[in-house]
>>> print(open('input.cif').read())   # mmCIF, N, CA and C atoms
data_final
#
loop_
_atom_site.label_atom_id
_atom_site.label_comp_id
_atom_site.auth_asym_id
_atom_site.auth_seq_id
_atom_site.Cartn_x
_atom_site.Cartn_y
_atom_site.Cartn_z
N MET A 1 0.85 -1.18 0.00
CA MET A 1 0.00 0.00 0.00
C MET A 1 0.89 1.24 0.00
N LYS A 2 0.59 2.17 -0.91
CA LYS A 2 1.36 3.41 -1.05
C LYS A 2 0.48 4.60 -0.66
N ILE A 3 0.94 5.34 0.33
CA ILE A 3 0.22 6.53 0.80
C ILE A 3 1.21 7.68 0.90
N CYS A 4 0.75 8.84 0.48
CA CYS A 4 1.58 10.04 0.58
C CYS A 4 0.89 11.07 1.46
N ILE A 5 1.65 11.65 2.37
CA ILE A 5 1.19 12.79 3.15
C ILE A 5 1.66 14.04 2.42
N ILE A 6 0.72 14.91 2.12
CA ILE A 6 1.03 16.18 1.46
C ILE A 6 0.66 17.31 2.42
N ASN A 7 1.65 18.12 2.75
CA ASN A 7 1.45 19.26 3.64
C ASN A 7 1.63 20.56 2.88
N GLY A 8 0.79 21.51 3.18
CA GLY A 8 0.82 22.81 2.53
C GLY A 8 1.60 23.86 3.30
N PRO A 9 1.25 25.13 3.07
CA PRO A 9 2.05 26.25 3.55
C PRO A 9 2.22 26.30 5.06
N ASN A 10 3.43 26.64 5.43
CA ASN A 10 3.86 26.88 6.81
C ASN A 10 3.97 25.62 7.66
N LEU A 11 3.59 24.48 7.13
CA LEU A 11 3.70 23.25 7.91
C LEU A 11 5.15 22.78 8.00
N ASN A 12 6.03 23.36 7.19
CA ASN A 12 7.46 23.12 7.33
C ASN A 12 8.01 23.76 8.61
N LEU A 13 7.23 24.61 9.24
CA LEU A 13 7.65 25.29 10.47
C LEU A 13 7.15 24.60 11.74
N LEU A 14 6.54 23.42 11.60
CA LEU A 14 6.08 22.71 12.79
C LEU A 14 7.25 22.51 13.74
N GLY A 15 6.97 22.68 15.01
CA GLY A 15 8.02 22.62 16.02
C GLY A 15 8.51 24.00 16.41
N LYS A 16 8.33 24.96 15.51
CA LYS A 16 8.74 26.35 15.75
C LYS A 16 7.52 27.28 15.77
N ARG A 17 6.56 27.03 14.89
CA ARG A 17 5.42 27.91 14.68
C ARG A 17 4.33 27.65 15.71
N GLU A 18 3.95 28.66 16.44
CA GLU A 18 2.85 28.60 17.39
C GLU A 18 2.76 27.24 18.10
N PRO A 19 3.75 26.91 18.92
CA PRO A 19 3.75 25.60 19.58
C PRO A 19 2.52 25.36 20.45
N GLU A 20 1.88 26.42 20.93
CA GLU A 20 0.67 26.25 21.73
C GLU A 20 -0.50 25.72 20.89
N VAL A 21 -0.44 25.91 19.57
CA VAL A 21 -1.47 25.40 18.66
C VAL A 21 -1.01 24.12 18.00
N TYR A 22 0.24 24.09 17.52
CA TYR A 22 0.73 23.01 16.67
C TYR A 22 1.71 22.05 17.35
N GLY A 23 2.09 22.32 18.59
CA GLY A 23 3.02 21.45 19.29
C GLY A 23 4.46 21.83 19.01
N SER A 24 5.37 21.08 19.64
CA SER A 24 6.79 21.42 19.55
C SER A 24 7.60 20.41 18.74
N GLN A 25 6.95 19.39 18.19
CA GLN A 25 7.66 18.37 17.41
C GLN A 25 7.70 18.76 15.94
N THR A 26 8.85 18.54 15.29
CA THR A 26 8.92 18.79 13.85
C THR A 26 8.15 17.70 13.11
N PHE A 27 7.69 18.01 11.91
CA PHE A 27 6.96 17.00 11.16
C PHE A 27 7.89 15.87 10.73
N GLU A 28 9.12 16.19 10.42
CA GLU A 28 10.08 15.16 9.99
C GLU A 28 10.27 14.11 11.09
N ASP A 29 10.38 14.55 12.35
CA ASP A 29 10.50 13.61 13.46
C ASP A 29 9.23 12.77 13.59
N TYR A 30 8.08 13.42 13.49
CA TYR A 30 6.82 12.70 13.59
C TYR A 30 6.66 11.71 12.43
N PHE A 31 7.06 12.12 11.24
CA PHE A 31 6.96 11.25 10.07
C PHE A 31 7.78 9.97 10.27
N ASN A 32 8.95 10.09 10.84
CA ASN A 32 9.77 8.90 11.13
C ASN A 32 9.05 7.97 12.11
N THR A 33 8.36 8.53 13.08
CA THR A 33 7.57 7.73 14.01
C THR A 33 6.46 6.99 13.27
N LEU A 34 5.79 7.68 12.35
CA LEU A 34 4.72 7.04 11.56
C LEU A 34 5.27 5.88 10.74
N LYS A 35 6.42 6.09 10.11
CA LYS A 35 7.01 5.02 9.30
C LYS A 35 7.34 3.79 10.15
N GLU A 36 7.80 4.02 11.36
CA GLU A 36 8.08 2.90 12.27
C GLU A 36 6.81 2.20 12.72
N LYS A 37 5.76 2.99 12.95
CA LYS A 37 4.49 2.45 13.45
C LYS A 37 3.71 1.70 12.37
N PHE A 38 3.92 2.07 11.10
CA PHE A 38 3.18 1.47 9.99
C PHE A 38 4.16 0.92 8.94
N PRO A 39 4.97 -0.08 9.30
CA PRO A 39 5.97 -0.58 8.35
C PRO A 39 5.37 -1.25 7.12
N GLN A 40 4.10 -1.65 7.20
CA GLN A 40 3.44 -2.31 6.07
C GLN A 40 3.01 -1.31 4.99
N ILE A 41 3.13 -0.03 5.26
CA ILE A 41 2.73 1.01 4.31
C ILE A 41 3.98 1.67 3.73
N GLU A 42 4.01 1.80 2.41
CA GLU A 42 5.06 2.60 1.77
C GLU A 42 4.62 4.04 1.91
N LEU A 43 5.21 4.73 2.85
CA LEU A 43 4.76 6.07 3.24
C LEU A 43 5.73 7.11 2.70
N ASN A 44 5.19 8.09 1.98
CA ASN A 44 5.99 9.18 1.43
C ASN A 44 5.45 10.50 1.97
N TYR A 45 6.29 11.52 1.85
CA TYR A 45 5.94 12.84 2.39
C TYR A 45 6.37 13.92 1.42
N TYR A 46 5.50 14.92 1.26
CA TYR A 46 5.79 16.06 0.40
C TYR A 46 5.23 17.32 1.07
N GLN A 47 6.00 18.39 1.04
CA GLN A 47 5.54 19.67 1.58
C GLN A 47 5.92 20.76 0.61
N SER A 48 4.99 21.71 0.44
CA SER A 48 5.28 22.90 -0.36
C SER A 48 4.46 24.07 0.16
N ASN A 49 5.03 25.25 0.03
CA ASN A 49 4.32 26.48 0.35
C ASN A 49 3.64 27.08 -0.88
N VAL A 50 3.75 26.39 -2.01
CA VAL A 50 3.29 26.92 -3.29
C VAL A 50 2.05 26.14 -3.76
N GLU A 51 0.96 26.84 -3.98
CA GLU A 51 -0.32 26.23 -4.35
C GLU A 51 -0.21 25.34 -5.60
N GLY A 52 0.40 25.85 -6.64
CA GLY A 52 0.51 25.09 -7.89
C GLY A 52 1.32 23.82 -7.73
N GLU A 53 2.35 23.86 -6.89
CA GLU A 53 3.15 22.66 -6.64
C GLU A 53 2.33 21.60 -5.92
N LEU A 54 1.46 22.02 -5.02
CA LEU A 54 0.58 21.07 -4.32
C LEU A 54 -0.40 20.43 -5.31
N ILE A 55 -0.95 21.23 -6.20
CA ILE A 55 -1.85 20.71 -7.23
C ILE A 55 -1.11 19.72 -8.13
N ASP A 56 0.09 20.08 -8.55
CA ASP A 56 0.89 19.17 -9.39
C ASP A 56 1.12 17.84 -8.68
N LYS A 57 1.44 17.86 -7.39
CA LYS A 57 1.72 16.63 -6.65
C LYS A 57 0.45 15.79 -6.50
N ILE A 58 -0.68 16.42 -6.24
CA ILE A 58 -1.96 15.70 -6.15
C ILE A 58 -2.26 15.01 -7.48
N GLN A 59 -2.07 15.72 -8.57
CA GLN A 59 -2.31 15.13 -9.90
C GLN A 59 -1.32 14.01 -10.20
N GLU A 60 -0.07 14.19 -9.82
CA GLU A 60 0.96 13.18 -10.08
C GLU A 60 0.66 11.86 -9.38
N LEU A 61 0.17 11.93 -8.14
CA LEU A 61 -0.07 10.73 -7.33
C LEU A 61 -1.50 10.21 -7.43
N GLY A 62 -2.37 11.03 -7.95
CA GLY A 62 -3.81 10.81 -7.85
C GLY A 62 -4.41 9.68 -8.64
N PHE A 63 -3.59 8.95 -9.41
CA PHE A 63 -4.10 7.81 -10.17
C PHE A 63 -3.28 6.56 -9.91
N SER A 64 -2.25 6.67 -9.06
CA SER A 64 -1.36 5.53 -8.83
C SER A 64 -1.20 5.16 -7.36
N TYR A 65 -1.49 6.06 -6.46
CA TYR A 65 -1.33 5.79 -5.03
C TYR A 65 -2.64 5.23 -4.46
N ASP A 66 -2.52 4.56 -3.31
CA ASP A 66 -3.69 4.01 -2.63
C ASP A 66 -4.37 5.05 -1.75
N GLY A 67 -3.66 6.10 -1.41
CA GLY A 67 -4.25 7.14 -0.59
C GLY A 67 -3.36 8.35 -0.48
N ILE A 68 -4.01 9.48 -0.24
CA ILE A 68 -3.32 10.75 0.02
C ILE A 68 -3.91 11.31 1.30
N ILE A 69 -3.02 11.73 2.19
CA ILE A 69 -3.42 12.47 3.39
C ILE A 69 -3.00 13.90 3.13
N LEU A 70 -3.96 14.80 3.10
CA LEU A 70 -3.72 16.17 2.67
C LEU A 70 -4.03 17.17 3.78
N ASN A 71 -3.01 17.89 4.20
CA ASN A 71 -3.19 19.05 5.06
C ASN A 71 -2.77 20.25 4.22
N ALA A 72 -3.71 20.88 3.58
CA ALA A 72 -3.42 21.99 2.68
C ALA A 72 -3.20 23.30 3.42
N GLY A 73 -3.19 23.25 4.76
CA GLY A 73 -2.97 24.46 5.54
C GLY A 73 -3.99 25.53 5.17
N ALA A 74 -3.55 26.75 5.08
CA ALA A 74 -4.45 27.88 4.78
C ALA A 74 -5.10 27.76 3.41
N TYR A 75 -4.48 27.02 2.48
CA TYR A 75 -5.10 26.84 1.16
C TYR A 75 -6.42 26.07 1.25
N THR A 76 -6.62 25.34 2.33
CA THR A 76 -7.89 24.64 2.55
C THR A 76 -9.05 25.61 2.40
N HIS A 77 -8.87 26.81 2.90
CA HIS A 77 -9.94 27.80 3.00
C HIS A 77 -9.98 28.78 1.84
N THR A 78 -9.02 28.65 0.90
CA THR A 78 -8.94 29.64 -0.18
C THR A 78 -8.82 29.04 -1.57
N SER A 79 -8.39 27.79 -1.68
CA SER A 79 -8.00 27.26 -2.99
C SER A 79 -9.06 26.37 -3.63
N ILE A 80 -9.79 26.96 -4.54
CA ILE A 80 -10.71 26.17 -5.36
C ILE A 80 -9.90 25.21 -6.23
N GLY A 81 -8.71 25.61 -6.64
CA GLY A 81 -7.85 24.77 -7.48
C GLY A 81 -7.46 23.47 -6.79
N ILE A 82 -7.09 23.53 -5.52
CA ILE A 82 -6.75 22.31 -4.80
C ILE A 82 -7.99 21.45 -4.62
N GLY A 83 -9.12 22.07 -4.31
CA GLY A 83 -10.37 21.31 -4.22
C GLY A 83 -10.71 20.62 -5.52
N ASP A 84 -10.53 21.31 -6.64
CA ASP A 84 -10.79 20.72 -7.95
C ASP A 84 -9.83 19.58 -8.26
N ALA A 85 -8.56 19.71 -7.84
CA ALA A 85 -7.58 18.65 -8.07
C ALA A 85 -7.98 17.39 -7.31
N VAL A 86 -8.43 17.54 -6.07
CA VAL A 86 -8.88 16.39 -5.28
C VAL A 86 -10.09 15.74 -5.95
N LYS A 87 -10.98 16.54 -6.49
CA LYS A 87 -12.17 16.02 -7.16
C LYS A 87 -11.81 15.27 -8.45
N ALA A 88 -10.75 15.69 -9.11
CA ALA A 88 -10.39 15.15 -10.43
C ALA A 88 -9.69 13.79 -10.37
N ILE A 89 -9.15 13.42 -9.22
CA ILE A 89 -8.34 12.20 -9.16
C ILE A 89 -9.17 11.01 -8.65
N THR A 90 -8.60 9.82 -8.81
CA THR A 90 -9.30 8.62 -8.33
C THR A 90 -8.76 8.13 -6.98
N THR A 91 -7.58 8.54 -6.60
CA THR A 91 -7.02 8.16 -5.30
C THR A 91 -7.81 8.83 -4.19
N PRO A 92 -8.24 8.07 -3.18
CA PRO A 92 -8.97 8.69 -2.07
C PRO A 92 -8.07 9.62 -1.26
N VAL A 93 -8.65 10.73 -0.82
CA VAL A 93 -7.93 11.74 -0.05
C VAL A 93 -8.62 11.91 1.30
N VAL A 94 -7.81 11.92 2.36
CA VAL A 94 -8.31 12.28 3.68
C VAL A 94 -7.74 13.64 4.02
N GLU A 95 -8.63 14.58 4.28
CA GLU A 95 -8.22 15.93 4.68
C GLU A 95 -7.90 15.91 6.17
N VAL A 96 -6.76 16.49 6.53
CA VAL A 96 -6.30 16.48 7.91
C VAL A 96 -5.94 17.89 8.35
N HIS A 97 -6.24 18.18 9.61
CA HIS A 97 -5.79 19.42 10.25
C HIS A 97 -5.33 19.10 11.66
N ILE A 98 -4.26 19.71 12.07
CA ILE A 98 -3.71 19.48 13.39
C ILE A 98 -4.61 20.09 14.45
N SER A 99 -5.06 21.31 14.21
CA SER A 99 -5.93 22.00 15.16
C SER A 99 -7.39 21.77 14.77
N ASN A 100 -8.28 22.07 15.70
CA ASN A 100 -9.71 22.05 15.40
C ASN A 100 -10.04 23.38 14.72
N THR A 101 -10.15 23.37 13.42
CA THR A 101 -10.36 24.61 12.67
C THR A 101 -11.67 25.29 13.04
N PHE A 102 -12.62 24.54 13.57
CA PHE A 102 -13.91 25.13 13.94
C PHE A 102 -13.84 25.88 15.27
N SER A 103 -12.76 25.73 16.00
CA SER A 103 -12.59 26.48 17.24
C SER A 103 -11.70 27.71 17.03
N ARG A 104 -11.38 27.96 15.78
CA ARG A 104 -10.50 29.08 15.45
C ARG A 104 -11.28 30.15 14.68
N GLU A 105 -10.58 31.02 13.98
CA GLU A 105 -11.21 32.13 13.27
C GLU A 105 -12.27 31.60 12.30
N SER A 106 -13.31 32.39 12.07
CA SER A 106 -14.43 31.93 11.25
C SER A 106 -14.03 31.62 9.81
N PHE A 107 -13.01 32.29 9.27
CA PHE A 107 -12.61 32.00 7.89
C PHE A 107 -12.05 30.59 7.77
N ARG A 108 -11.63 29.97 8.87
CA ARG A 108 -11.11 28.61 8.83
C ARG A 108 -12.23 27.55 8.87
N HIS A 109 -13.47 27.97 8.95
CA HIS A 109 -14.59 27.04 8.99
C HIS A 109 -14.97 26.54 7.60
N GLN A 110 -14.52 27.19 6.54
CA GLN A 110 -14.80 26.82 5.15
C GLN A 110 -13.66 25.97 4.60
N SER A 111 -14.01 24.86 3.95
CA SER A 111 -13.01 24.04 3.27
C SER A 111 -13.45 23.79 1.84
N TYR A 112 -12.54 24.01 0.90
CA TYR A 112 -12.80 23.70 -0.50
C TYR A 112 -12.39 22.26 -0.83
N ILE A 113 -11.91 21.53 0.17
CA ILE A 113 -11.46 20.15 -0.02
C ILE A 113 -12.47 19.14 0.51
N SER A 114 -13.07 19.43 1.65
CA SER A 114 -13.91 18.46 2.38
C SER A 114 -14.95 17.75 1.52
N GLY A 115 -15.62 18.48 0.66
CA GLY A 115 -16.69 17.90 -0.14
C GLY A 115 -16.22 16.84 -1.12
N ASN A 116 -14.94 16.82 -1.42
CA ASN A 116 -14.39 15.84 -2.36
C ASN A 116 -13.47 14.83 -1.68
N ALA A 117 -13.37 14.91 -0.36
CA ALA A 117 -12.48 14.01 0.38
C ALA A 117 -13.23 12.77 0.86
N LYS A 118 -12.47 11.71 1.07
CA LYS A 118 -13.01 10.48 1.66
C LYS A 118 -13.49 10.77 3.09
N GLY A 119 -12.78 11.64 3.78
CA GLY A 119 -13.12 12.01 5.14
C GLY A 119 -12.27 13.16 5.61
N VAL A 120 -12.59 13.66 6.79
CA VAL A 120 -11.89 14.80 7.38
C VAL A 120 -11.58 14.46 8.83
N ILE A 121 -10.32 14.68 9.22
CA ILE A 121 -9.91 14.46 10.61
C ILE A 121 -9.22 15.74 11.07
N LEU A 122 -9.68 16.29 12.19
CA LEU A 122 -9.08 17.52 12.67
C LEU A 122 -9.13 17.60 14.19
N GLY A 123 -8.17 18.34 14.73
CA GLY A 123 -8.20 18.65 16.14
C GLY A 123 -7.48 17.70 17.06
N PHE A 124 -6.81 16.69 16.54
CA PHE A 124 -6.13 15.72 17.38
C PHE A 124 -4.61 15.90 17.38
N GLY A 125 -4.16 17.10 17.06
CA GLY A 125 -2.73 17.34 16.99
C GLY A 125 -2.12 16.53 15.86
N LEU A 126 -0.86 16.20 15.98
CA LEU A 126 -0.21 15.42 14.95
C LEU A 126 -0.84 14.03 14.82
N ARG A 127 -1.49 13.57 15.87
CA ARG A 127 -2.15 12.26 15.82
C ARG A 127 -3.24 12.21 14.74
N SER A 128 -3.69 13.36 14.26
CA SER A 128 -4.66 13.39 13.16
C SER A 128 -4.13 12.62 11.95
N TYR A 129 -2.82 12.69 11.71
CA TYR A 129 -2.22 11.97 10.58
C TYR A 129 -2.29 10.46 10.80
N GLU A 130 -2.02 10.04 12.02
CA GLU A 130 -2.10 8.61 12.34
C GLU A 130 -3.52 8.08 12.16
N LEU A 131 -4.50 8.85 12.61
CA LEU A 131 -5.90 8.45 12.44
C LEU A 131 -6.26 8.35 10.96
N ALA A 132 -5.74 9.28 10.17
CA ALA A 132 -5.98 9.23 8.73
C ALA A 132 -5.36 7.97 8.12
N LEU A 133 -4.14 7.65 8.53
CA LEU A 133 -3.50 6.43 8.02
C LEU A 133 -4.32 5.21 8.38
N MET A 134 -4.83 5.16 9.58
CA MET A 134 -5.62 4.01 10.01
C MET A 134 -6.88 3.85 9.16
N SER A 135 -7.38 4.93 8.63
CA SER A 135 -8.60 4.86 7.79
C SER A 135 -8.36 4.11 6.49
N PHE A 136 -7.10 3.95 6.09
CA PHE A 136 -6.78 3.24 4.86
C PHE A 136 -6.53 1.76 5.08
N LEU A 137 -6.44 1.34 6.31
CA LEU A 137 -6.15 -0.08 6.61
C LEU A 137 -7.40 -0.92 6.65
#
>>> encode(input="input.cif", output="structure tokens")
Amino acid sequence: MKICIINGPNLNLLGKREPEVYGSQTFEDYFNTLKEKFPQIELNYYQSNVEGELIDKIQELGFSYDGIILNAGAYTHTSIGIGDAVKAITTPVVEVHISNTFSRESFRHQSYISGNAKGVILGFGLRSYELALMSFL
């Protein structure tokens, strides 16, 4: 089984950025923990701060992978293009957020991805990614 985690803008700053919201662990460290916990999954990771690069990666993997876990960051709430890319592919996508977006600013309550995703997991910290992985097993 091949699954890719795709992270959007500012998620490269995990461990440094607003630790009270996002925690103090880097994503790279957490990703290594996931790979150890799920050795039966070929797990890949991609991060970009650029909307078009995220769309390109979704399209690249969207017909050959068994799953995509997508945390599009702020693009979740602004990018019709990313939402359309998720709709266009056959690979199931689970939308993930570290924080509970519904307990934050009102603009974070809208997602252009959710309607085309297999499911949405949010508010469980980095463990949201693990829950998403479990949904593919």
>>> residues_around(input="input.cif", residues="Gly67 in chain A", least_positions_apart="4", cutoff="7 Å", atoms="only C-alpha atoms", output="ChimeraX atom specification")
/A:2-4,91-93
>>> select_by_dssp(input="input.cif", residues="range 7-115 of chain A", states="helix (DSSP H, G or I)", output="NGL selection string")
:A and (11-13 or 19-22 or 27-37 or 51-61 or 73-77 or 80-88 or 101-103 or 106-109 or 114-115)
>>> closest_residue(input="input.cif", among="A:Tyr46, A:His77, A:Val94, A:Phe136", to="His109 in chain A", atoms="all atoms listed in the file")
A:His77
>>> atom_distance(input="input.cif", atom1="atom N of Glu60 in chain A", atom2="CA of Glu130 in chain A")
22.9 Å
>>> axis_aligned_box(input="input.cif", around="range 42-51 of chain A", padding_each_side="3 Å", output="JSON")
{"center_x": 3.0, "center_y": 14.4, "center_z": -1.2, "size_x": 12.7, "size_y": 31.3, "size_z": 14.8}
>>> select_by_dssp(input="input.cif", residues="chain A", states="strand (DSSP E)", output="ChimeraX atom specification")
/A:2-7,42-47,67-71,93-97,119-122
>>> residues_around(input="input.cif", residues="Val50 in chain A", least_positions_apart="3", cutoff="8 Å", atoms="all atoms listed in the file", output="list in words")
Asn7, Gly8, Pro9, Asn10, Gln47, Glu53, Leu54, Ile55 and Asp56 of chain A
>>> residues_around(input="input.cif", residues="Ala132 in chain A", least_positions_apart="2", cutoff="8 Å", atoms="only N, CA and C atoms", output="ChimeraX atom specification")
/A:68-69,94-96,120-121,127-130,134-137
>>> resolve_selection(input="input.cif", expression="the PyMOL selection byres (((chain A and resi 26 and name CA) around 9) and name CA)", output="compact mmCIF listing (two decimals) with N, CA and C atoms, in the frame of the given file")
# COMPACT_ATOMS: atom_id res chain seq x y z
N ASN A 12 6.03 23.36 7.19
CA ASN A 12 7.46 23.12 7.33
C ASN A 12 8.01 23.76 8.61
N LEU A 13 7.23 24.61 9.24
CA LEU A 13 7.65 25.29 10.47
C LEU A 13 7.15 24.60 11.74
N LEU A 14 6.54 23.42 11.60
CA LEU A 14 6.08 22.71 12.79
C LEU A 14 7.25 22.51 13.74
N GLY A 15 6.97 22.68 15.01
CA GLY A 15 8.02 22.62 16.02
C GLY A 15 8.51 24.00 16.41
N LYS A 16 8.33 24.96 15.51
CA LYS A 16 8.74 26.35 15.75
C LYS A 16 7.52 27.28 15.77
N GLY A 23 2.09 22.32 18.59
CA GLY A 23 3.02 21.45 19.29
C GLY A 23 4.46 21.83 19.01
N SER A 24 5.37 21.08 19.64
CA SER A 24 6.79 21.42 19.55
C SER A 24 7.60 20.41 18.74
N GLN A 25 6.95 19.39 18.19
CA GLN A 25 7.66 18.37 17.41
C GLN A 25 7.70 18.76 15.94
N PHE A 27 7.69 18.01 11.91
CA PHE A 27 6.96 17.00 11.16
C PHE A 27 7.89 15.87 10.73
N GLU A 28 9.12 16.19 10.42
CA GLU A 28 10.08 15.16 9.99
C GLU A 28 10.27 14.11 11.09
N ASP A 29 10.38 14.55 12.35
CA ASP A 29 10.50 13.61 13.46
C ASP A 29 9.23 12.77 13.59
N TYR A 30 8.08 13.42 13.49
CA TYR A 30 6.82 12.70 13.59
C TYR A 30 6.66 11.71 12.43
N PHE A 31 7.06 12.12 11.24
CA PHE A 31 6.96 11.25 10.07
C PHE A 31 7.78 9.97 10.27
>>> atom_distance(input="input.cif", atom1="CA of Asp66 in chain A", atom2="CA of Arg108 in chain A")
28.1 Å
>>> residues_around(input="input.cif", residues="Thr101 in chain A", least_positions_apart="4", cutoff="10 Å", atoms="only C-alpha atoms", output="list in words")
His97, Glu105, Ser106, Phe107, Arg108, His109, Gln110, Ser111, Leu122 and Gly123 of chain A
>>> write_last_selection(input="input.cif", atoms="N, CA and C atoms", output="JSON list (two decimals), keeping the file's coordinate frame")
[["chain", "number", "residue", "atom", "x", "y", "z"],
["A", 97, "HIS", "N", -6.24, 18.18, 9.61],
["A", 97, "HIS", "CA", -5.79, 19.42, 10.25],
["A", 97, "HIS", "C", -5.33, 19.10, 11.66],
["A", 105, "GLU", "N", -10.58, 31.02, 13.98],
["A", 105, "GLU", "CA", -11.21, 32.13, 13.27],
["A", 105, "GLU", "C", -12.27, 31.60, 12.30],
["A", 106, "SER", "N", -13.31, 32.39, 12.07],
["A", 106, "SER", "CA", -14.43, 31.93, 11.25],
["A", 106, "SER", "C", -14.03, 31.62, 9.81],
["A", 107, "PHE", "N", -13.01, 32.29, 9.27],
["A", 107, "PHE", "CA", -12.61, 32.00, 7.89],
["A", 107, "PHE", "C", -12.05, 30.59, 7.77],
["A", 108, "ARG", "N", -11.63, 29.97, 8.87],
["A", 108, "ARG", "CA", -11.11, 28.61, 8.83],
["A", 108, "ARG", "C", -12.23, 27.55, 8.87],
["A", 109, "HIS", "N", -13.47, 27.97, 8.95],
["A", 109, "HIS", "CA", -14.59, 27.04, 8.99],
["A", 109, "HIS", "C", -14.97, 26.54, 7.60],
["A", 110, "GLN", "N", -14.52, 27.19, 6.54],
["A", 110, "GLN", "CA", -14.80, 26.82, 5.15],
["A", 110, "GLN", "C", -13.66, 25.97, 4.60],
["A", 111, "SER", "N", -14.01, 24.86, 3.95],
["A", 111, "SER", "CA", -13.01, 24.04, 3.27],
["A", 111, "SER", "C", -13.45, 23.79, 1.84],
["A", 122, "LEU", "N", -9.68, 16.29, 12.19],
["A", 122, "LEU", "CA", -9.08, 17.52, 12.67],
["A", 122, "LEU", "C", -9.13, 17.60, 14.19],
["A", 123, "GLY", "N", -8.17, 18.34, 14.73],
["A", 123, "GLY", "CA", -8.20, 18.65, 16.14],
["A", 123, "GLY", "C", -7.48, 17.70, 17.06]]
>>> atom_distance(input="input.cif", atom1="atom N of Gly62 in chain A", atom2="atom C of Leu131 in chain A")
19.5 Å
>>> closest_residue(input="input.cif", among="A:Pro19, A:Leu133, A:Lys57, A:Gly52", to="Phe38 in chain A", atoms="only C-alpha atoms")
A:Leu133
>>> resolve_selection(input="input.cif", expression="the PyMOL selection byres (((chain A and resi 42 and name CA) around 8) and name CA)", output="number ranges by chain")
A: 1-3, 39-41, 43-44
>>> closest_residue(input="input.cif", among="A:Ile98, A:Ile113, A:Ile5, A:Val86", to="Gly125 in chain A", atoms="all atoms listed in the file")
A:Ile98
>>> closest_residue(input="input.cif", among="A:Thr33, A:Ile6, A:Leu126, A:Lys87", to="Asn71 in chain A", atoms="all atoms listed in the file")
A:Ile6
